[in-house]
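File shown: protein39.txt (compact mmCIF, C-alpha atoms).
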```
# COMPACT_ATOMS: atom_id res chain seq x y z
CA MET A 1 43.23 33.36 125.18
CA SER A 2 39.73 34.73 125.62
CA LEU A 3 38.28 36.42 122.58
CA ILE A 4 35.83 39.29 122.88
CA ASN A 5 34.16 39.46 119.47
CA TYR A 6 32.29 42.76 119.23
CA ALA A 7 31.07 41.97 115.72
CA SER A 8 29.30 38.70 116.56
CA ARG A 9 28.77 39.81 120.22
CA GLU A 10 30.45 36.68 121.60
CA ILE A 11 32.94 35.95 124.36
CA ASN A 12 34.68 32.56 124.31
CA CYS A 13 36.92 31.17 127.05
CA LYS A 14 39.01 27.99 127.01
CA LEU A 15 39.14 25.63 130.00
CA VAL A 16 41.41 22.56 129.99
CA TYR A 17 41.04 19.47 132.19
CA TYR A 18 44.52 18.04 132.81
CA GLY A 19 45.81 15.09 134.83
CA PRO A 20 47.12 11.52 134.75
CA GLY A 21 45.65 8.79 132.53
CA LEU A 22 42.39 7.19 133.72
CA GLY A 23 42.02 9.91 136.36
CA GLY A 24 38.50 10.97 135.31
CA LYS A 25 38.94 13.96 133.00
CA THR A 26 36.67 12.61 130.28
CA THR A 27 34.21 11.42 132.96
CA ASN A 28 33.94 15.02 134.21
CA LEU A 29 33.02 16.23 130.72
CA GLU A 30 30.58 13.35 130.16
CA TYR A 31 28.78 14.16 133.40
CA ILE A 32 28.60 17.86 132.49
CA TYR A 33 27.26 16.93 129.06
CA GLU A 34 24.64 14.66 130.62
CA LYS A 35 23.37 17.23 133.11
CA VAL A 36 23.54 20.61 131.43
CA ALA A 37 20.30 21.69 129.72
CA PRO A 38 20.24 20.93 125.96
CA THR A 39 19.96 24.64 125.17
CA ALA A 40 23.21 25.37 127.04
CA LYS A 41 25.50 22.84 125.43
CA GLY A 42 26.91 21.84 122.08
CA LYS A 43 28.09 18.46 120.86
CA LEU A 44 30.55 16.45 122.97
CA ILE A 45 33.36 15.52 120.62
CA SER A 46 35.83 12.81 121.60
CA LEU A 47 38.90 12.00 119.59
CA ALA A 48 39.52 8.66 121.26
CA THR A 49 40.98 5.23 120.54
CA GLU A 50 38.78 2.16 120.01
CA THR A 51 39.14 1.41 123.71
CA GLU A 52 37.79 4.87 124.57
CA ARG A 53 41.10 6.27 125.77
CA THR A 54 41.48 9.92 124.81
CA LEU A 55 43.81 10.13 121.83
CA PHE A 56 43.86 13.87 121.16
CA PHE A 57 41.13 15.61 123.18
CA ASP A 58 37.47 15.76 124.19
CA PHE A 59 35.64 19.00 123.51
CA LEU A 60 32.40 20.36 124.93
CA PRO A 61 31.09 23.91 124.47
CA VAL A 62 28.87 25.20 127.30
CA ASP A 63 26.81 28.38 126.80
CA LEU A 64 26.20 30.70 129.71
CA GLY A 65 23.62 32.59 127.70
CA THR A 66 23.69 36.28 126.78
CA ILE A 67 25.29 38.55 129.36
CA ARG A 68 25.29 42.31 128.81
CA GLY A 69 24.61 41.67 125.13
CA PHE A 70 27.40 39.11 124.72
CA LYS A 71 26.78 35.43 124.09
CA THR A 72 29.22 33.90 126.59
CA ARG A 73 30.61 30.44 126.03
CA PHE A 74 33.13 28.15 127.70
CA HIS A 75 35.07 25.69 125.58
CA LEU A 76 35.89 22.68 127.77
CA TYR A 77 38.77 20.46 126.66
CA THR A 78 40.43 17.40 128.14
CA VAL A 79 43.93 16.25 127.25
CA PRO A 80 45.09 12.63 126.83
CA GLY A 81 46.58 11.56 130.17
CA GLN A 82 48.89 8.85 128.96
CA VAL A 83 52.52 9.90 129.27
CA TYR A 84 53.48 9.35 125.63
CA TYR A 85 50.83 11.76 124.26
CA ASN A 86 52.68 14.86 125.39
CA ALA A 87 52.71 16.52 121.97
CA SER A 88 48.89 16.49 121.94
CA ARG A 89 48.70 17.76 125.52
CA LYS A 90 50.91 20.70 124.75
CA LEU A 91 48.86 21.68 121.70
CA ILE A 92 45.62 21.74 123.68
CA LEU A 93 47.10 24.08 126.32
CA LYS A 94 47.73 26.77 123.72
CA GLY A 95 45.53 29.76 124.50
CA VAL A 96 44.12 28.26 127.72
CA ASP A 97 42.28 30.58 130.11
CA GLY A 98 41.85 28.21 133.04
CA VAL A 99 43.11 24.77 134.10
CA VAL A 100 41.47 22.01 136.16
CA PHE A 101 43.87 19.34 137.37
CA VAL A 102 41.98 16.08 137.93
CA ALA A 103 44.09 14.01 140.34
CA ASP A 104 43.51 10.31 140.94
CA SER A 105 43.22 9.87 144.72
CA GLN A 106 44.36 6.25 144.74
CA LEU A 107 47.59 5.77 146.70
CA GLU A 108 49.24 3.85 143.89
CA ARG A 109 48.57 6.72 141.46
CA MET A 110 50.49 9.30 143.53
CA GLU A 111 53.57 9.01 141.32
CA ALA A 112 51.45 9.43 138.17
CA ASN A 113 49.77 12.52 139.70
CA LEU A 114 53.12 14.10 140.50
CA GLU A 115 54.51 13.35 137.07
CA SER A 116 51.42 14.84 135.39
CA MET A 117 51.52 17.98 137.58
CA GLN A 118 55.18 18.52 136.71
CA ASN A 119 54.36 17.97 133.06
CA LEU A 120 51.58 20.59 133.32
CA TYR A 121 53.95 23.20 134.80
CA ASP A 122 56.55 22.42 132.13
CA ASN A 123 54.13 22.60 129.21
CA MET A 124 52.57 25.82 130.49
CA ALA A 125 56.03 27.37 130.91
CA GLN A 126 56.90 26.40 127.35
CA HIS A 127 53.88 28.41 126.15
CA GLY A 128 55.08 31.31 128.32
CA TYR A 129 52.24 30.94 130.88
CA ASP A 130 52.69 30.99 134.66
CA LEU A 131 50.25 28.53 136.20
CA THR A 132 50.62 30.11 139.63
CA ARG A 133 49.21 33.40 138.35
CA MET A 134 46.22 32.23 136.35
CA PRO A 135 42.88 30.49 137.04
CA PHE A 136 43.68 27.00 138.32
CA VAL A 137 41.81 24.51 140.51
CA ILE A 138 42.45 20.91 141.57
CA GLN A 139 39.90 18.12 141.82
CA TYR A 140 40.83 15.09 143.93
CA ASN A 141 38.79 12.45 142.14
CA LYS A 142 37.81 8.90 143.13
CA ARG A 143 37.29 9.81 146.80
CA ASP A 144 34.91 6.84 147.12
CA LEU A 145 37.60 4.21 146.61
CA PRO A 146 38.96 2.35 149.64
CA ASN A 147 42.56 2.94 148.58
CA ALA A 148 42.12 6.74 148.32
CA ALA A 149 44.98 8.64 149.96
CA PRO A 150 44.11 11.11 152.75
CA ILE A 151 43.41 14.63 151.46
CA GLN A 152 46.25 16.06 153.55
CA GLU A 153 48.71 13.75 151.82
CA LEU A 154 47.44 14.73 148.37
CA GLN A 155 47.52 18.43 149.28
CA ASP A 156 51.11 18.21 150.54
CA ALA A 157 52.20 16.46 147.35
CA LEU A 158 50.19 18.28 144.68
CA ASN A 159 49.13 21.59 146.21
CA PRO A 160 51.89 22.57 148.65
CA GLY A 161 51.46 26.27 147.78
CA TRP A 162 53.71 28.81 146.15
CA PRO A 163 55.17 32.07 147.54
CA VAL A 164 52.99 35.16 147.05
CA GLU A 165 55.21 37.96 145.77
CA ASP A 166 52.56 40.63 145.08
CA PRO A 167 52.39 42.70 148.33
CA SER A 168 48.72 43.55 147.75
CA ARG A 169 47.86 39.86 147.98
CA GLN A 170 49.96 39.15 151.08
CA ARG A 171 47.07 38.92 153.50
CA PRO A 172 45.14 36.04 155.07
CA THR A 173 42.57 34.86 152.51
CA PRO A 174 39.96 32.34 153.57
CA ASP A 175 38.97 29.46 151.30
CA PRO A 176 35.39 30.36 150.25
CA ASP A 177 34.52 26.70 149.80
CA ARG A 178 35.92 25.49 153.13
CA PRO A 179 35.10 27.47 156.27
CA GLY A 180 38.04 27.75 158.66
CA GLU A 181 40.66 27.01 156.01
CA MET A 182 42.90 29.51 154.26
CA LEU A 183 44.06 29.81 150.63
CA VAL A 184 46.67 32.47 151.44
CA ARG A 185 48.50 32.31 154.78
CA GLN A 186 51.85 33.07 156.33
CA VAL A 187 54.19 30.14 157.02
CA ASP A 188 57.50 30.86 158.79
CA GLY A 189 57.38 34.50 157.64
CA THR A 190 56.59 33.67 153.98
CA TRP A 191 53.19 34.23 152.38
CA ILE A 192 52.03 31.02 150.71
CA GLU A 193 49.05 30.50 148.39
CA ARG A 194 47.37 27.21 147.67
CA THR A 195 45.05 26.76 144.73
CA PRO A 196 41.35 25.96 145.41
CA TRP A 197 40.57 22.25 145.50
CA PHE A 198 37.55 19.97 145.52
CA GLU A 199 36.82 16.36 146.34
CA GLY A 200 35.19 14.40 143.56
CA VAL A 201 33.58 11.15 142.57
CA ALA A 202 33.17 12.06 138.92
CA VAL A 203 31.32 8.87 137.89
CA GLN A 204 28.55 9.86 140.33
CA GLY A 205 28.88 13.55 139.55
CA VAL A 206 30.15 14.42 143.03
CA GLY A 207 32.26 17.61 142.90
CA VAL A 208 32.01 17.93 139.11
CA PHE A 209 29.93 21.11 139.08
CA ASP A 210 31.64 22.57 142.17
CA THR A 211 34.88 22.32 140.22
CA LEU A 212 33.41 23.76 137.01
CA ARG A 213 31.72 26.61 138.88
CA ALA A 214 34.97 27.55 140.64
CA ILE A 215 37.16 27.55 137.53
CA SER A 216 34.52 29.38 135.43
CA LYS A 217 34.25 32.17 137.97
CA LYS A 218 38.01 32.55 138.19
CA VAL A 219 38.28 32.82 134.41
CA LEU A 220 35.52 35.44 134.22
CA LYS A 221 37.13 37.47 137.02
CA ALA A 222 40.35 37.52 135.01
CA LEU A 223 38.40 39.13 132.13
CA GLY A 224 37.13 42.03 134.24
CA MET B 225 53.37 36.80 131.17
CA THR B 226 50.82 35.12 133.41
CA GLY B 227 48.61 33.47 130.83
CA ALA B 228 47.26 33.88 127.34
CA SER B 229 46.16 37.45 126.69
CA THR B 230 42.59 38.44 125.92
CA TRP B 231 41.99 40.16 122.61
CA SER B 232 39.02 41.67 120.88
CA LEU B 233 37.63 41.94 117.37
CA GLY B 234 35.77 45.18 116.64
CA GLU B 235 32.96 45.80 114.19
CA ALA B 236 35.08 47.86 111.78
CA ASP B 237 37.68 45.07 111.57
CA ALA B 238 34.93 42.49 111.10
CA ARG B 239 33.59 44.50 108.14
CA ARG B 240 37.04 44.62 106.53
CA ILE B 241 37.47 40.88 107.05
CA HIS B 242 34.06 40.21 105.56
CA ALA B 243 34.92 42.30 102.48
CA VAL B 244 38.13 40.28 101.89
CA LEU B 245 36.31 36.96 102.32
CA THR B 246 33.41 37.95 100.07
CA ALA B 247 35.73 39.11 97.28
CA PHE B 248 37.70 35.88 97.55
CA LEU B 249 34.58 33.68 97.38
CA ARG B 250 33.41 35.49 94.26
CA GLU B 251 36.76 35.13 92.50
CA ALA B 252 37.28 31.51 93.54
CA ASN B 253 33.65 30.50 93.04
CA ALA B 254 33.83 28.75 96.43
CA ARG B 255 30.85 28.24 98.73
CA THR B 256 31.86 29.34 102.23
CA ALA B 257 34.90 30.91 103.89
CA LEU B 258 35.47 30.69 107.64
CA LEU B 259 38.13 32.31 109.79
CA VAL B 260 39.16 30.35 112.86
CA ASP B 261 41.82 31.31 115.38
CA ARG B 262 44.59 28.90 116.36
CA ASN B 263 42.81 28.17 119.64
CA GLY B 264 39.71 26.88 117.91
CA GLN B 265 37.37 29.86 118.06
CA MET B 266 35.33 31.00 115.08
CA LEU B 267 36.08 34.62 114.18
CA ALA B 268 34.10 35.29 111.03
CA SER B 269 32.35 33.64 108.10
CA ALA B 270 31.13 34.61 104.64
CA GLY B 271 29.18 32.97 101.83
CA ASP B 272 26.61 30.21 102.42
CA PRO B 273 26.00 29.92 106.17
CA PRO B 274 27.41 26.60 107.45
CA LEU B 275 24.72 23.99 108.14
CA PHE B 276 26.94 22.08 110.59
CA ASP B 277 27.90 22.78 114.23
CA HIS B 278 30.37 25.62 113.61
CA VAL B 279 31.68 25.66 117.21
CA ALA B 280 32.81 22.04 117.01
CA PHE B 281 34.03 22.60 113.46
CA ALA B 282 36.28 25.47 114.56
CA SER B 283 37.75 23.43 117.40
CA LEU B 284 38.54 20.49 115.11
CA THR B 285 39.99 22.78 112.44
CA ALA B 286 42.47 24.28 114.90
CA ALA B 287 43.42 20.81 116.16
CA ASP B 288 43.88 19.57 112.60
CA PHE B 289 46.17 22.47 111.79
CA SER B 290 48.16 22.17 115.02
CA ALA B 291 48.70 18.43 114.57
CA ASN B 292 49.90 19.01 111.01
CA ASP B 293 52.25 21.75 112.22
CA GLN B 294 53.94 19.19 114.43
CA LEU B 295 54.15 16.71 111.56
CA ALA B 296 55.80 19.40 109.43
CA ARG B 297 58.42 20.01 112.11
CA MET B 298 59.21 16.30 112.24
CA LEU B 299 59.99 16.51 108.53
CA GLY B 300 62.21 19.53 109.10
CA GLU B 301 59.66 21.99 107.67
CA SER B 302 58.77 25.05 109.74
CA GLU B 303 55.10 24.55 108.87
CA PHE B 304 52.63 23.30 106.28
CA GLY B 305 51.18 26.59 105.08
CA ALA B 306 48.07 24.91 103.72
CA LEU B 307 46.08 21.68 103.98
CA PHE B 308 43.63 20.10 101.57
CA HIS B 309 40.92 17.56 102.40
CA GLN B 310 39.10 16.08 99.44
CA GLY B 311 35.59 14.69 99.67
CA GLU B 312 33.27 13.24 97.04
CA ARG B 313 31.11 16.35 96.90
CA GLU B 314 32.59 18.80 99.39
CA SER B 315 36.24 19.67 99.90
CA LEU B 316 38.16 21.79 102.37
CA TYR B 317 41.18 23.98 101.84
CA LEU B 318 42.85 25.41 104.94
CA ALA B 319 45.48 28.13 104.81
CA ASP B 320 47.55 29.74 107.55
CA VAL B 321 47.19 33.50 108.04
CA ALA B 322 50.11 35.18 109.85
CA ARG B 323 50.49 32.15 112.18
CA ARG B 324 47.52 33.41 114.19
CA VAL B 325 44.45 32.54 112.18
CA ILE B 326 43.29 29.82 109.75
CA LEU B 327 41.29 30.53 106.61
CA VAL B 328 38.99 27.60 105.85
CA VAL B 329 37.46 27.37 102.39
CA LEU B 330 34.55 25.02 101.65
CA PHE B 331 34.01 24.32 97.99
CA ASP B 332 32.27 21.84 95.70
CA ASN B 333 32.49 20.85 92.03
CA ARG B 334 31.44 24.32 90.86
CA THR B 335 35.12 25.25 91.12
CA THR B 336 38.52 23.54 91.13
CA LEU B 337 41.30 23.14 93.67
CA GLY B 338 43.58 25.00 91.26
CA LEU B 339 41.37 28.08 91.18
CA VAL B 340 40.90 28.06 94.96
CA LYS B 341 44.67 27.83 95.49
CA LEU B 342 45.30 30.59 93.00
CA ARG B 343 42.80 33.02 94.57
CA VAL B 344 43.53 32.15 98.18
CA ARG B 345 47.02 33.67 98.04
CA ARG B 346 45.73 37.20 97.67
CA ALA B 347 43.11 36.69 100.38
CA VAL B 348 45.72 35.30 102.79
CA GLN B 349 48.01 38.26 102.13
CA ASP B 350 45.19 40.79 102.67
CA LEU B 351 44.09 39.04 105.86
CA ALA B 352 47.67 38.75 107.14
CA ASP B 353 48.14 42.53 106.72
CA LEU B 354 44.84 43.15 108.45
CA PHE B 355 45.56 40.88 111.43
CA THR B 356 49.12 42.14 111.83
CA GLU B 357 47.71 45.65 112.12
CA LEU B 358 44.89 44.50 114.41
CA PHE B 359 47.20 42.73 116.86
CA SER B 360 49.69 45.60 116.93
CA ARG B 361 46.82 47.99 117.71
CA THR B 362 45.19 45.94 120.46
CA GLY B 363 48.38 45.28 122.37
CA ASP B 364 46.69 45.87 125.70
CA GLN B 365 44.55 43.24 127.35
CA ALA B 366 40.95 43.56 126.22
CA ARG B 367 38.48 43.94 129.07
CA VAL B 368 34.79 43.32 129.49
CA GLU B 369 32.57 46.20 130.62
CA ALA B 370 31.90 46.85 134.31
CA GLY B 371 29.10 44.71 135.67
CA PHE B 372 29.70 41.85 133.24
CA VAL B 373 31.61 39.68 135.71
CA GLY B 374 28.96 39.96 138.43
CA GLU B 375 26.14 39.05 136.06
CA ALA B 376 28.14 36.18 134.58
CA GLU B 377 28.82 34.79 138.07
CA ASP B 378 25.09 34.87 138.83
CA GLU B 379 24.46 33.01 135.60
CA ILE B 380 27.06 30.37 136.51
CA ASP B 381 25.32 29.82 139.84
CA ARG B 382 21.95 29.60 138.12
CA LEU B 383 23.17 27.17 135.45
CA PHE B 384 25.45 24.95 137.54
CA GLY B 385 24.21 25.55 141.07
CA ALA B 386 21.44 22.98 141.19
CA LEU B 387 23.31 20.27 139.26
```
Represent the supplied structure as C-alpha cells.
Amino acid sequence: MSLINYASREINCKLVYYGPGLGGKTTNLEYIYEKVAPTAKGKLISLATETERTLFFDFLPVDLGTIRGFKTRFHLYTVPGQVYYNASRKLILKGVDGVVFVADSQLERMEANLESMQNLYDNMAQHGYDLTRMPFVIQYNKRDLPNAAPIQELQDALNPGWPVEDPSRQRPTPDPDRPGEMLVRQVDGTWIERTPWFEGVAVQGVGVFDTLRAISKKVLKALG
Amino acid sequence: MTGASTWSLGEADARRIHAVLTAFLREANARTALLVDRNGQMLASAGDPPLFDHVAFASLTAADFSANDQLARMLGESEFGALFHQGERESLYLADVARRVILVVLFDNRTTLGLVKLRVRRAVQDLADLFTELFSRTGDQARVEAGFVGEAEDEIDRLFGAL
C-alpha cells in the first residue's frame, strides 16, 4: 500500500522478495546494499537466526531522491523461505506494492520453487490481492550452477502465463528486456500474459539490478 | 481488488494529528510520539525528534505489532491492543489505533507507565476518529501528479543503471 504523504512530502512503496529457502533473496538485498550509494540507502536490517537464515525478514530502504517535490523511497523486504515460517511470510506481504519471486534454478529445487509459488498465490489471495494484476517479476537465480534447469523448463513450471481478460490489453506485447519475445500473446485463441523474468547470479550481482529496476518501474507506473 | 490501495495524507490532516500528539505528550509528560502505519511506514511524529533511524524503527515497530497480533490470536484474543517494552532509561508503549495505525510513545523516568497508559486512551480515541474519517474520505486510489512517473523512471535508470 503506497503512501503519498503530502505533509512530509514523501512517497513510500513496499517491495517484497519471495521464494524458496536458500534461493538468494537475502543475497539480492545484500548486493543492493553493497552497491547503492551511501546517500541512497538506509540500514540493512536482518532478523535472522544464528546460522544467518532469515527468521522474520530483511529490510532495506532505498531512496530515489526527490521527484517533483516528493522524497521517494522503496522499502525492500525479504521473507523467510523455509516452509514452516508461513505466518511470518504472510505478515510481510501485507500492504505490498510489488513482488519479486527469486527462484532457485537448480533442478532438485523445482519442487520447492513450485511449492513457494503456490504459497505466494495463496497468501496474496488471503490478503485480497490478485498477483496476476499487480507488479510482479521473476528472477531465475543461480544460473551459473551446472545443475541449473533450462530456462524453458523453469518458465513452463513457474511462469506459464495467465489469461488476459481485459480487452484493452489483448494485443501482442513484446518483452522490453528480450527482443523477439512476447509477454502477451495469443495461444489457441486465448490471450496469455507471462510476467517479466530475469536470469540471475545474485552472489556475483548478475541480474540483481535488472530485477530491481523492472519491479520499481512497474510499481511507479501503478501509482500514476 | 488487484493489490493494496494507495492512500494519501494531506497537510490539514497532518496538522490535526500533530495537535493530538502534542497535547498527549504534554499531558503524559512523555518525550516523543510517533505514528506508524501497519505496513511499517512512518506517518507523523511529535515531541523530541528521534535520534535513531526512524525508517528502520517504523518497519520494526509494525513487525513487532503484527507478530504480537498473531500471538494474541493463538491465545484466543482478537488482538493485544497495546504493548510495553521496558528499558533501563527509555521505554516504549505501543497502542493500536483503529487497526490501521500504531501510536508509539517513547518515555523516560520523567513520567510513569501508569500516566502514559492513562493519557494514551484519549489520544487513541481522538486518532481513531480522525483516521476513520480520513479513510472514509479518501476512498479512491490516491494518484501522483502527471510527469512524476516519467521522472521517477529516469531516476531509477540513473541510480541502478550502471550498477
Report summary line: Here CA of Asn141 (chain A) and CA of Val102 (chain A) stand apart by 6.4 Å
Find the residues of chain B that sit at most 7 Å from chain A; for each, write down the nearest two atoms and how far apart they are in Å, to one decimal. Count all atoms listed in the file. Sort by chain, then by number going up, and give it as a Markdown table.
```
| residue | atom | partner | partner_atom | distance |
| --- | --- | --- | --- | --- |
| B:Met225 | CA | A:Tyr129 | CA | 6.0 |
| B:Thr226 | CA | A:Asp130 | CA | 4.7 |
| B:Gly227 | CA | A:Tyr129 | CA | 4.4 |
| B:Ala228 | CA | A:Met1 | CA | 4.6 |
| B:Ser229 | CA | A:Met1 | CA | 5.3 |
| B:Thr230 | CA | A:Ser2 | CA | 4.7 |
| B:Trp231 | CA | A:Leu3 | CA | 5.3 |
| B:Ser232 | CA | A:Ile4 | CA | 4.5 |
| B:Leu233 | CA | A:Asn5 | CA | 4.8 |
| B:Gly234 | CA | A:Tyr6 | CA | 5.0 |
| B:Glu235 | CA | A:Ala7 | CA | 4.5 |
| B:Ala238 | CA | A:Ala7 | CA | 6.0 |
| B:Asn263 | CA | A:Gly95 | CA | 5.8 |
| B:Ser290 | CA | A:Leu91 | CA | 6.7 |
| B:Arg367 | CA | A:Gly224 | CA | 5.7 |
| B:Val368 | CA | A:Gly224 | CA | 5.4 |
| B:Phe372 | CA | A:Arg68 | CA | 6.3 |
| B:Val373 | CA | A:Leu220 | CA | 6.0 |
| B:Glu375 | CA | A:Ile67 | CA | 6.8 |
| B:Ala376 | CA | A:Ile67 | CA | 6.4 |
| B:Glu377 | CA | A:Lys217 | CA | 6.0 |
| B:Glu379 | CA | A:Leu64 | CA | 6.6 |
| B:Ile380 | CA | A:Arg213 | CA | 6.4 |
| B:Phe384 | CA | A:Phe209 | CA | 6.1 |
| B:Leu387 | CA | A:Phe209 | CA | 6.7 |
```
Report summary line: Expressed in Å, the length from CA of Glu193 (chain A) to CA of Asp122 (chain A) is 19.6 Å
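Among the candidates B:Asp378, B:Glu357, B:Glu369, B:Asp288, the one nearest to Asp237 (chain B) when counting only C-alpha atoms is B:Glu357.
When CA of Leu330 (chain B) is paired with CA of Phe359 (chain B), their separation reads 26.6 Å.
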**Report entry** Near-region 265-273 of chain B list (6 Å; only C-alpha atoms; drop same-chain fewer than 2 positions) as a PyMOL selection string
**Finding:** chain B and resi 255-261+263+282
Report task. May I have the residues within 9 Å of Leu337 (chain B) as a ChimeraX atom specification, using all atoms listed in the file and disregarding those fewer than 6 positions away in the same chain? Result -> /B:308,315,317,331
Skipping near chain neighbours, those fewer than 5 positions away, what residues fall within 10 Å of Pro80 (chain A) using all atoms listed in the file, listed as a PDB file with C-alpha atoms, keeping the file's coordinate frame?
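File produced: result-v5.pdb:
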```pdb
ATOM      1  CA  TYR A  17      41.040  19.470 132.190  1.00  0.00           C
ATOM      2  CA  TYR A  18      44.520  18.040 132.810  1.00  0.00           C
ATOM      3  CA  GLY A  19      45.810  15.090 134.830  1.00  0.00           C
ATOM      4  CA  PRO A  20      47.120  11.520 134.750  1.00  0.00           C
ATOM      5  CA  GLY A  21      45.650   8.790 132.530  1.00  0.00           C
ATOM      6  CA  LEU A  22      42.390   7.190 133.720  1.00  0.00           C
ATOM      7  CA  LYS A  25      38.940  13.960 133.000  1.00  0.00           C
ATOM      8  CA  THR A  26      36.670  12.610 130.280  1.00  0.00           C
ATOM      9  CA  LEU A  47      38.900  12.000 119.590  1.00  0.00           C
ATOM     10  CA  ALA A  48      39.520   8.660 121.260  1.00  0.00           C
ATOM     11  CA  ARG A  53      41.100   6.270 125.770  1.00  0.00           C
ATOM     12  CA  THR A  54      41.480   9.920 124.810  1.00  0.00           C
ATOM     13  CA  LEU A  55      43.810  10.130 121.830  1.00  0.00           C
ATOM     14  CA  PHE A  56      43.860  13.870 121.160  1.00  0.00           C
ATOM     15  CA  PHE A  57      41.130  15.610 123.180  1.00  0.00           C
ATOM     16  CA  ASP A  58      37.470  15.760 124.190  1.00  0.00           C
ATOM     17  CA  TYR A  85      50.830  11.760 124.260  1.00  0.00           C
ATOM     18  CA  ASN A  86      52.680  14.860 125.390  1.00  0.00           C
ATOM     19  CA  ALA A  87      52.710  16.520 121.970  1.00  0.00           C
ATOM     20  CA  SER A  88      48.890  16.490 121.940  1.00  0.00           C
ATOM     21  CA  ARG A  89      48.700  17.760 125.520  1.00  0.00           C
ATOM     22  CA  ILE A  92      45.620  21.740 123.680  1.00  0.00           C
TER      23      ILE A  92
END
```
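If you count all atoms listed in the file and draw a sphere of 8 Å around (29.5, 10.0, 136.7), the protein and nucleic acid residues inside it come out as Thr27, Asn28, Glu30, Tyr31, Val201, Ala202, Val203, Gln204, Gly205 and Val206 of chain A.
Residue nearest Asp332 (chain B), chosen from B:Thr285, B:Gln310, B:Ser302, B:Ser360 and counting only C-alpha atoms: B:Gln310.
Proximity ranking of B:Leu339, B:Ala370, B:Leu351, B:Leu383 relative to His242 (chain B) places B:Leu351 first, based on all atoms listed in the file.
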